[in-house]
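Participant: To be precise about what I am sending: the file is called final.cif and holds mmCIF, C-alpha atoms.
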data_run
#
loop_
_atom_site.label_atom_id
_atom_site.label_comp_id
_atom_site.auth_asym_id
_atom_site.auth_seq_id
_atom_site.Cartn_x
_atom_site.Cartn_y
_atom_site.Cartn_z
CA MET A 15 59.70 211.93 140.27
CA GLY A 16 63.02 210.46 139.02
CA THR A 17 63.35 208.27 142.10
CA ARG A 18 60.02 206.63 141.53
CA LEU A 19 60.91 205.72 137.91
CA LEU A 20 64.13 204.11 139.08
CA ASN A 21 62.29 201.97 141.61
CA GLY A 22 59.83 200.89 138.93
CA GLY A 23 62.68 199.69 136.65
CA ALA A 24 64.18 197.65 139.47
CA LEU A 25 60.81 196.08 140.06
CA VAL A 26 60.50 195.05 136.44
CA ALA A 27 63.97 193.52 136.53
CA ALA A 28 63.14 191.57 139.67
CA MET A 29 59.98 190.23 138.06
CA PHE A 30 62.01 189.10 134.99
CA VAL A 31 64.46 187.16 137.14
CA ALA A 32 61.71 185.54 139.13
CA GLY A 33 59.90 184.56 135.94
CA ALA A 34 63.03 182.80 134.61
CA GLY A 35 62.69 180.17 137.33
CA CYS A 36 59.15 179.19 136.34
CA ASP A 37 59.79 177.64 132.89
CA GLY A 38 60.99 174.24 134.20
CA HIS A 39 64.75 175.03 134.06
CA ARG A 40 66.67 174.94 137.31
CA SER A 41 68.57 178.08 138.22
CA PRO A 42 72.33 177.62 138.32
CA ASN A 43 72.13 178.31 142.01
CA GLU A 44 69.39 175.75 142.64
CA PRO A 45 70.72 172.67 144.59
CA THR A 46 70.90 169.25 142.80
CA PRO A 47 68.10 166.97 144.01
CA VAL A 48 69.17 164.02 146.21
CA CYS A 49 68.42 160.66 144.47
CA SER A 50 67.22 157.89 146.71
CA PHE A 51 66.20 154.45 145.46
CA ALA A 52 64.13 151.62 146.87
CA VAL A 53 63.44 148.14 145.45
CA SER A 54 60.55 145.84 146.12
CA PRO A 55 60.47 143.02 146.99
CA ALA A 56 63.80 142.85 148.81
CA ASN A 57 64.28 139.15 148.00
CA GLN A 58 62.93 136.26 145.94
CA VAL A 59 63.18 132.47 146.38
CA PHE A 60 63.16 130.02 143.44
CA GLY A 61 62.92 126.28 143.20
CA GLY A 62 65.58 124.12 141.59
CA ASP A 63 63.97 124.42 138.14
CA GLY A 64 64.50 128.20 138.09
CA GLY A 65 61.99 130.71 136.79
CA ALA A 66 61.36 134.42 136.21
CA ALA A 67 60.46 137.42 138.43
CA SER A 68 60.56 141.23 138.50
CA VAL A 69 61.61 143.99 140.89
CA THR A 70 59.89 147.38 141.23
CA VAL A 71 62.20 150.39 141.45
CA ALA A 72 61.08 153.55 143.30
CA ALA A 73 63.11 156.68 142.45
CA PRO A 74 62.64 160.44 141.82
CA ALA A 75 61.77 161.27 138.23
CA ALA A 76 65.19 162.72 137.31
CA CYS A 77 67.29 159.98 138.95
CA ALA A 78 68.98 157.43 136.65
CA TRP A 79 69.86 153.89 137.73
CA SER A 80 71.15 150.56 136.33
CA ALA A 81 70.80 146.91 137.33
CA THR A 82 73.55 144.27 137.54
CA ALA A 83 73.52 140.57 138.48
CA SER A 84 76.18 139.00 140.68
CA ALA A 85 75.91 135.47 139.21
CA GLY A 86 75.85 134.03 135.71
CA TRP A 87 72.75 131.97 136.46
CA VAL A 88 70.74 135.20 137.02
CA THR A 89 69.95 137.00 133.74
CA ILE A 90 68.37 140.46 133.45
CA THR A 91 65.81 140.18 130.66
CA ALA A 92 64.32 143.73 130.70
CA GLY A 93 64.83 147.07 132.49
CA GLY A 94 68.58 146.93 132.82
CA THR A 95 68.68 150.75 133.01
CA GLY A 96 66.12 153.45 133.72
CA THR A 97 65.32 156.92 135.04
CA GLY A 98 62.80 157.46 137.78
CA PRO A 99 60.37 154.69 138.70
CA GLY A 100 60.68 151.43 136.76
CA THR A 101 60.74 147.65 136.72
CA VAL A 102 63.59 145.14 136.31
CA ALA A 103 62.70 141.68 134.93
CA TYR A 104 65.06 138.73 135.31
CA SER A 105 65.25 134.95 134.96
CA VAL A 106 66.97 132.24 136.98
CA ALA A 107 68.46 129.16 135.31
CA ALA A 108 67.83 125.63 136.57
CA ASN A 109 70.13 124.58 139.41
CA PRO A 110 72.05 121.42 138.43
CA SER A 111 73.21 120.85 142.01
CA MET A 112 71.48 119.55 145.09
CA GLU A 113 72.92 122.49 147.05
CA SER A 114 71.11 125.84 147.20
CA ARG A 115 72.78 128.96 145.86
CA ASN A 116 72.53 132.70 146.37
CA GLY A 117 72.83 135.69 144.06
CA THR A 118 72.09 139.40 144.10
CA LEU A 119 70.57 142.02 141.81
CA THR A 120 72.03 145.48 142.54
CA ILE A 121 69.74 148.33 141.38
CA GLY A 122 70.72 151.91 142.09
CA GLY A 123 72.90 150.73 144.94
CA GLN A 124 70.04 148.72 146.48
CA SER A 125 70.13 144.90 146.71
CA HIS A 126 67.53 142.36 145.74
CA ALA A 127 68.52 138.93 147.08
CA VAL A 128 67.96 135.85 144.89
CA THR A 129 67.95 132.45 146.57
CA GLN A 130 67.56 129.21 144.64
CA GLN A 131 66.97 125.83 146.18
CA GLY A 132 68.95 122.77 145.14
CA ARG A 133 67.49 119.87 143.21
CA ALA A 134 66.26 116.78 144.97
CA VAL A 135 68.53 114.84 142.57
CA ALA A 136 71.51 116.54 140.90
CA VAL A 137 71.53 116.84 137.09
CA CYS A 138 75.00 115.60 136.16
CA THR A 139 76.67 116.82 132.98
CA TYR A 140 80.32 116.10 132.29
CA ALA A 141 83.03 117.52 130.05
CA ILE A 142 86.73 116.76 129.54
CA SER A 143 89.54 118.86 128.13
CA PRO A 144 91.46 118.07 126.00
CA GLY A 145 89.69 115.16 124.34
CA SER A 146 92.74 113.22 123.12
CA ALA A 147 96.53 112.95 123.19
CA GLN A 148 99.19 111.63 120.77
CA PHE A 149 102.40 109.89 121.87
CA GLY A 150 105.44 108.55 120.07
CA LYS A 151 106.70 105.03 120.63
CA ASP A 152 108.36 105.96 123.95
CA ALA A 153 106.67 105.99 127.36
CA GLY A 154 105.00 109.22 128.47
CA THR A 155 102.62 110.91 130.86
CA GLY A 156 99.59 113.13 130.44
CA THR A 157 96.69 114.87 132.18
CA PHE A 158 93.18 115.95 131.25
CA ALA A 159 90.56 117.94 133.18
CA VAL A 160 87.07 116.78 134.14
CA SER A 161 84.28 119.35 134.60
CA ALA A 162 81.08 118.43 136.49
CA PRO A 163 78.66 119.86 139.11
CA GLY A 164 79.88 119.44 142.67
CA ASP A 165 77.41 116.64 143.54
CA CYS A 166 78.24 114.55 140.47
CA ALA A 167 80.63 111.65 140.98
CA TRP A 168 82.77 110.03 138.25
CA ALA A 169 85.48 107.43 137.80
CA ALA A 170 88.29 107.19 135.22
CA THR A 171 88.82 103.77 133.66
CA PRO A 172 91.43 102.92 130.95
CA SER A 173 90.59 100.44 128.19
CA ALA A 174 94.06 98.89 127.78
CA PRO A 175 96.77 97.75 130.22
CA TRP A 176 99.42 99.98 128.60
CA VAL A 177 97.52 103.07 129.84
CA VAL A 178 97.54 103.44 133.67
CA VAL A 179 95.62 106.11 135.64
CA THR A 180 98.04 107.37 138.30
CA SER A 181 95.78 109.95 140.00
CA GLY A 182 92.19 111.12 139.73
CA ASN A 183 90.83 107.67 139.08
CA GLN A 184 87.64 108.85 140.80
CA GLY A 185 86.21 112.15 141.98
CA SER A 186 83.20 114.41 142.36
CA GLY A 187 82.69 117.76 140.67
CA ASN A 188 85.65 119.33 138.89
CA GLY A 189 88.92 117.41 138.89
CA SER A 190 91.79 116.07 136.79
CA VAL A 191 93.05 112.69 135.66
CA SER A 192 96.77 111.89 135.32
CA TYR A 193 97.97 108.83 133.45
CA THR A 194 101.05 107.11 132.04
CA VAL A 195 101.58 105.41 128.67
CA ALA A 196 103.97 102.47 128.38
CA ARG A 197 106.57 102.18 125.60
CA ASN A 198 105.16 100.61 122.44
CA LEU A 199 107.28 97.59 121.55
CA ASP A 200 105.07 96.66 118.59
CA LEU A 201 105.50 97.90 115.04
CA ALA A 202 101.91 99.00 114.60
CA ASP A 203 100.29 102.15 115.99
CA ARG A 204 97.81 101.59 118.80
CA THR A 205 94.84 103.37 120.39
CA ALA A 206 93.22 103.19 123.82
CA THR A 207 90.68 105.25 125.79
CA ILE A 208 90.10 106.49 129.33
CA THR A 209 86.39 106.75 130.18
CA ALA A 210 85.43 109.41 132.75
CA ALA A 211 81.69 109.23 133.50
CA ASP A 212 80.09 109.44 130.03
CA ARG A 213 83.10 111.16 128.37
CA VAL A 214 85.86 109.36 126.45
CA PHE A 215 89.49 110.51 126.32
CA THR A 216 91.46 108.95 123.43
CA VAL A 217 95.16 108.01 123.64
CA ARG A 218 97.05 107.30 120.39
CA GLN A 219 100.61 105.96 120.28
CA SER A 220 102.92 105.39 117.32
CA GLY A 221 104.48 102.00 116.62
CA ASP A 222 108.19 101.29 116.88
CA LEU A 223 109.01 101.17 113.16
CA GLY A 224 112.67 101.75 113.98
CA ARG A 225 112.90 98.01 114.66
CA CYS A 226 112.21 97.21 111.00
CA ASP A 227 114.97 95.94 108.73
CA TYR A 228 114.51 96.06 104.95
CA ALA A 229 116.37 94.75 101.90
CA VAL A 230 115.56 94.84 98.17
CA ALA A 231 117.27 92.74 95.50
CA PRO A 232 118.16 93.23 92.76
CA VAL A 233 118.34 97.02 92.55
CA GLU A 234 119.48 97.11 88.89
CA LEU A 235 117.27 95.65 86.12
CA THR A 236 118.30 95.71 82.44
CA PRO A 237 115.59 94.22 80.20
CA CYS A 238 115.96 94.10 76.40
CA MET A 239 113.56 95.75 73.94
CA PRO A 240 110.49 93.44 73.95
CA LYS A 241 107.83 94.01 76.61
CA GLY A 242 107.83 91.71 79.61
CA SER A 243 107.98 91.54 83.38
CA LEU A 244 110.65 91.44 86.06
CA THR A 245 110.64 90.65 89.76
CA ALA A 246 112.51 91.87 92.80
CA SER A 247 112.42 90.41 96.29
CA MET A 248 111.42 92.49 99.29
CA THR A 249 112.77 91.24 102.60
CA SER A 250 111.75 92.82 105.89
CA THR A 251 110.96 92.03 109.49
CA SER A 252 107.54 90.50 110.01
CA ASN A 253 104.73 93.08 109.84
CA CYS A 254 107.03 95.92 108.77
CA PRO A 255 105.09 97.94 106.15
CA TRP A 256 106.37 99.07 102.75
CA SER A 257 105.02 100.46 99.48
CA VAL A 258 106.09 100.61 95.83
CA THR A 259 105.54 103.26 93.13
CA GLU A 260 107.02 103.94 89.67
CA ASN A 261 108.14 107.19 88.08
CA ALA A 262 107.69 106.33 84.37
CA SER A 263 104.53 105.63 82.36
CA TRP A 264 106.11 102.60 80.64
CA LEU A 265 106.65 100.91 84.03
CA ALA A 266 103.90 99.40 86.17
CA VAL A 267 103.86 97.52 89.46
CA SER A 268 101.52 94.63 88.74
CA SER A 269 101.83 92.95 92.14
CA GLY A 270 103.17 93.97 95.49
CA PRO A 271 102.35 97.74 95.40
CA SER A 272 102.33 97.55 99.19
CA GLY A 273 102.67 94.98 101.87
CA LYS A 274 104.10 93.92 105.20
CA GLY A 275 107.03 91.65 105.87
CA SER A 276 108.76 89.88 102.98
CA GLY A 277 107.26 89.69 99.50
CA VAL A 278 107.82 89.82 95.75
CA ILE A 279 107.54 92.96 93.62
CA THR A 280 106.49 92.31 90.02
CA ILE A 281 107.26 95.02 87.47
CA THR A 282 105.92 95.10 83.90
CA PHE A 283 107.28 97.22 81.04
CA THR A 284 106.26 97.95 77.45
CA ASP A 285 108.12 97.44 74.14
CA ASN A 286 110.91 99.86 73.35
CA TYR A 287 112.38 99.94 69.83
CA ASP A 288 113.35 103.58 70.07
CA ALA A 289 116.31 105.01 72.01
CA PRO A 290 117.27 103.32 75.31
CA ARG A 291 115.37 104.60 78.35
CA GLU A 292 115.55 104.55 82.13
CA GLY A 293 113.00 104.51 84.94
CA THR A 294 112.84 104.03 88.70
CA ILE A 295 110.80 101.79 90.96
CA MET A 296 110.65 103.47 94.37
CA VAL A 297 110.36 101.11 97.34
CA ARG A 298 109.54 103.01 100.52
CA TRP A 299 109.14 102.21 104.19
CA PRO A 300 108.10 104.57 107.00
CA THR A 301 111.41 105.28 108.70
CA PRO A 302 113.41 108.53 108.81
CA THR A 303 115.72 107.40 105.97
CA ALA A 304 113.06 105.46 104.14
CA GLY A 305 113.60 103.78 100.85
CA GLN A 306 115.45 101.88 98.19
CA ASN A 307 115.25 102.56 94.44
CA ILE A 308 115.25 99.88 91.76
CA HIS A 309 116.86 101.27 88.62
CA VAL A 310 115.37 99.94 85.36
CA ALA A 311 117.45 100.52 82.20
CA GLN A 312 115.65 99.15 79.16
CA ALA A 313 117.58 98.54 75.94
CA GLY A 314 116.68 100.42 72.78
CA CYS A 315 117.71 100.81 69.15
CA LEU A 316 119.69 103.27 67.10
CA TYR A 317 118.91 103.78 63.39
CA ALA A 318 120.49 105.17 60.25
CA VAL A 319 119.42 105.42 56.57
CA SER A 320 121.64 105.12 53.53
CA ARG A 321 120.03 108.12 51.82
CA SER A 322 118.34 111.10 53.51
CA ALA A 323 117.21 112.77 50.24
CA ILE A 324 115.92 111.19 47.00
CA SER A 325 114.87 112.94 43.77
CA VAL A 326 112.29 111.44 41.40
CA ALA A 327 111.32 112.53 37.86
CA ALA A 328 107.90 113.96 37.10
CA GLY A 329 106.82 110.74 35.44
CA GLY A 330 107.23 108.84 38.72
CA GLY A 331 108.95 105.53 39.27
CA THR A 332 110.45 103.39 42.03
CA ALA A 333 113.31 103.90 44.41
CA SER A 334 114.78 102.45 47.62
CA PHE A 335 117.09 103.15 50.53
CA ASP A 336 118.66 100.98 53.23
CA VAL A 337 117.86 101.02 56.96
CA ILE A 338 120.70 100.19 59.35
CA GLN A 339 119.91 99.41 62.97
CA GLN A 340 121.75 98.42 66.13
CA SER A 341 120.53 97.50 69.59
CA VAL A 342 121.94 99.19 72.71
CA PRO A 343 123.34 97.25 74.45
CA TYR A 344 124.71 95.20 71.60
CA THR A 345 123.95 91.96 73.40
CA CYS A 346 120.18 92.50 72.99
CA GLY A 347 120.52 92.28 69.19
CA GLY A 348 120.76 88.49 69.21
CA PRO A 349 123.22 86.39 67.17
CA LEU A 350 122.02 87.95 63.90
CA GLN A 351 121.73 91.47 65.31
CA ASP A 352 118.23 91.73 63.88
CA ARG A 353 116.06 92.37 66.96
CA CYS A 354 115.20 96.01 66.31
CA LEU A 355 111.70 96.32 64.81
CA TRP A 356 110.79 99.26 62.60
CA THR A 357 108.22 100.45 60.07
CA ALA A 358 108.58 102.85 57.12
CA LYS A 359 105.65 105.29 56.72
CA SER A 360 104.88 107.83 54.00
CA ASP A 361 103.21 111.14 54.80
CA VAL A 362 101.73 111.70 51.29
CA PRO A 363 99.46 109.49 49.18
CA TRP A 364 101.63 109.70 46.02
CA ILE A 365 104.46 107.79 47.79
CA VAL A 366 103.56 104.14 48.39
CA ILE A 367 105.79 101.82 50.46
CA THR A 368 106.06 98.55 48.53
CA SER A 369 108.19 96.62 51.05
CA SER A 370 106.19 94.63 53.59
CA MET A 371 106.07 96.10 57.08
CA PRO A 372 107.09 95.90 59.86
CA ARG A 373 110.68 94.80 59.33
CA SER A 374 113.59 93.97 61.62
CA GLY A 375 117.35 94.21 61.42
CA ASP A 376 119.15 95.83 58.49
CA ASP A 377 116.88 95.90 55.43
CA PRO A 378 116.01 98.02 52.40
CA VAL A 379 112.82 100.04 51.94
CA SER A 380 111.33 100.03 48.45
CA PHE A 381 108.69 102.52 47.38
CA ALA A 382 106.84 103.76 44.30
CA VAL A 383 106.18 107.37 43.31
CA ALA A 384 103.13 108.27 41.21
CA ALA A 385 103.46 110.62 38.21
CA ASN A 386 103.22 114.34 38.99
CA ALA A 387 100.60 115.94 36.75
CA GLY A 388 101.28 119.43 38.04
CA ALA A 389 103.81 121.97 36.85
CA ALA A 390 105.28 122.53 40.31
CA SER A 391 107.57 120.13 42.10
CA ARG A 392 106.38 118.45 45.26
CA VAL A 393 107.93 117.04 48.45
CA GLY A 394 107.04 114.03 50.56
CA HIS A 395 108.68 112.17 53.47
CA ILE A 396 109.29 108.59 54.52
CA THR A 397 109.85 108.13 58.26
CA VAL A 398 111.62 105.18 59.87
CA ARG A 399 111.57 105.59 63.66
CA ASN A 400 113.49 108.84 64.23
CA LYS A 401 114.96 109.03 60.72
CA VAL A 402 113.36 110.95 57.83
CA VAL A 403 114.03 110.51 54.11
CA THR A 404 112.91 113.48 51.96
CA VAL A 405 111.53 112.60 48.51
CA THR A 406 111.39 115.47 45.95
CA GLN A 407 109.54 115.00 42.65
CA ALA A 408 109.91 117.36 39.72
CA GLY A 409 106.91 118.97 38.05
CA GLN A 410 105.83 118.62 34.37
#
Would you mind writing the file's structure down as structure tokens?
Facilitator:
Amino acid sequence: MGTRLLNGGALVAAMFVAGAGCDGHRSPNEPTPVCSFAVSPANQVFGGDGGAASVTVAAPAACAWSATASAGWVTITAGGTGTGPGTVAYSVAANPSMESRNGTLTIGGQSHAVTQQGRAVAVCTYAISPGSAQFGKDAGTGTFAVSAPGDCAWAATPSAPWVVVTSGNQGSGNGSVSYTVARNLDLADRTATITAADRVFTVRQSGDLGRCDYAVAPVELTPCMPKGSLTASMTSTSNCPWSVTENASWLAVSSGPSGKGSGVITITFTDNYDAPREGTIMVRWPTPTAGQNIHVAQAGCLYAVSRSAISVAAGGGTASFDVIQQSVPYTCGGPLQDRCLWTAKSDVPWIVITSSMPRSGDDPVSFAVAANAGAASRVGHITVRNKVVTVTQAGQ
């Protein structure tokens, strides 16, 4: 009796194990299925204009695969990866050459051959790299690359005699062009081109400005106080460039701000009856140590007053003070030393300047003070250039 129960339990266990293999899960001991792939069709032929096609993939349901193209002109457009049966779509670019070409799609280790015919007439597109070069005044050499389909011919032609193609003056497909540039004996920069098929390579070369000689005279200008103009001569080799700028607002270059060769620089300046002042006219030319400065020192005036403070009674009245002036340098004052112009100004309405203005040289300033109706004292000022006279009036 006990033996029969034991055999029944073993039977139930065996049925449980057998049932575990029926729910779609592989037993750990079950062998991995062997994946085999097939593609159809095995090859495809395209015309020179290119096109699109697809490949059918046959594979077991659980087998994964991927597709790759061996050439850049073959592009997978759909179905790059998959599991089990599937389809790979791809496109083929137009063939620019008259020669046929071959590529391959590899799918799950299987090959699909792609053959494309050449064009009856090649489509020629060209490119160059780099597109330009810069040289100094000295002679030099250079090279640039030409890119083109193999059937496309080209020739390299310079536009000026100072550029000479030394190799690669003609070719087909990819190639390079070597050239030489002669020394530039002129002062001006120059530009030439080398044309390869429909592409243009530009050559730029600097001029030989080191051959320029410059001179400026005079380099010291000392005008007196009144406004006016001055000139300086600019001497240089023919066609040598130069420019002129100023560093002070009271100076202006009215003619000759730039030029070539020899010329005249005209400088204007404004009145100055205040302190002496200095400015610079900067003459520049494009060489490593470029330039000459013209120093402009304009005369000015110094002032003094005989009284810096004046008191006036509440009832008002008149008063005066003397203005003393001197030009710097002294020679700009003229034989009477009366060339400094000045004006006396009041900053309050109750002080009225009675002397006519403007005045020049040493001279008195007369003024009238109105009566002060207020109880508090008040203060006003009379200004002559940089001098100030303080007027204090008592209150009632």
Participant: Please provide the set of residues having any atom within 7 Å of Val88 of chain A, restricted to only C-alpha atoms, with same-chain residues fewer than 4 positions apart removed, written as a compact mmCIF listing (two decimals) with C-alpha atoms, keeping the file's coordinate frame.
Facilitator:
# COMPACT_ATOMS: atom_id res chain seq x y z
CA ALA A 83 73.52 140.57 138.48
CA TYR A 104 65.06 138.73 135.31
CA SER A 105 65.25 134.95 134.96
CA VAL A 106 66.97 132.24 136.98
CA ALA A 107 68.46 129.16 135.31
Participant: List the neighbours of Ala358 of chain A out to 7 Å using all atoms listed in the file; skip same-chain residues closer than 6 positions along the sequence, and give me the result as a list of chain:residue names.
Facilitator: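 In the requested form, the answer reads A:Ile396, A:Thr397, A:Val398.
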Participant: Can you write out the residues you just picked, keeping C-alpha atoms, as a PDB file, keeping the file's coordinate frame?
Facilitator:
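Below you can see again36.pdb, which holds the result:
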ATOM      1  CA  ILE A 396     109.290 108.590  54.520  1.00  0.00           C
ATOM      2  CA  THR A 397     109.850 108.130  58.260  1.00  0.00           C
ATOM      3  CA  VAL A 398     111.620 105.180  59.870  1.00  0.00           C
TER       4      VAL A 398
END
Participant: From the options A:Gln148, A:Asn109, A:Asn253, A:Ser263, which residue's atoms come nearest to Ser220 of chain A, counting all atoms listed in the file?
Facilitator: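 With all atoms listed in the file as the atom set, the closest residue is A:Gln148.
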Participant: Take atom CA of Glu113 of chain A and atom CA of Ala127 of chain A and report the distance between them in Å, one decimal.
Facilitator: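 Interatomic distance, atom CA of Glu113 of chain A to atom CA of Ala127 of chain A: 17.0 Å.
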Participant: List as an MDAnalysis selection string: which residues have an atom within 6 Å of (87.6, 105.9, 137.8), counting only C-alpha atoms?
Facilitator: chainID A and resid 169:171 183:184
Participant: Just want the 6 Å neighbourhood of segment 243-247 of chain A, counted on all atoms listed in the file, with same-chain residues fewer than 2 positions away dropped. Output as a PDB file with C-alpha atoms, keeping the file's coordinate frame.
Facilitator:
ATOM      1  CA  VAL A 230     115.560  94.840  98.170  1.00  0.00           C
ATOM      2  CA  ALA A 231     117.270  92.740  95.500  1.00  0.00           C
ATOM      3  CA  PRO A 232     118.160  93.230  92.760  1.00  0.00           C
ATOM      4  CA  VAL A 278     107.820  89.820  95.750  1.00  0.00           C
ATOM      5  CA  ILE A 279     107.540  92.960  93.620  1.00  0.00           C
ATOM      6  CA  THR A 280     106.490  92.310  90.020  1.00  0.00           C
ATOM      7  CA  ILE A 281     107.260  95.020  87.470  1.00  0.00           C
ATOM      8  CA  THR A 282     105.920  95.100  83.900  1.00  0.00           C
TER       9      THR A 282
END
Participant: Tell me which residues the PyMOL selection byres ((chain A and resi 164) around 7) grabs here, as a compact mmCIF listing (two decimals) with C-alpha atoms, in the frame of the given file.
Facilitator:
# COMPACT_ATOMS: atom_id res chain seq x y z
CA SER A 111 73.21 120.85 142.01
CA ALA A 162 81.08 118.43 136.49
CA PRO A 163 78.66 119.86 139.11
CA ASP A 165 77.41 116.64 143.54
CA CYS A 166 78.24 114.55 140.47
CA SER A 186 83.20 114.41 142.36
CA GLY A 187 82.69 117.76 140.67
CA ASN A 188 85.65 119.33 138.89
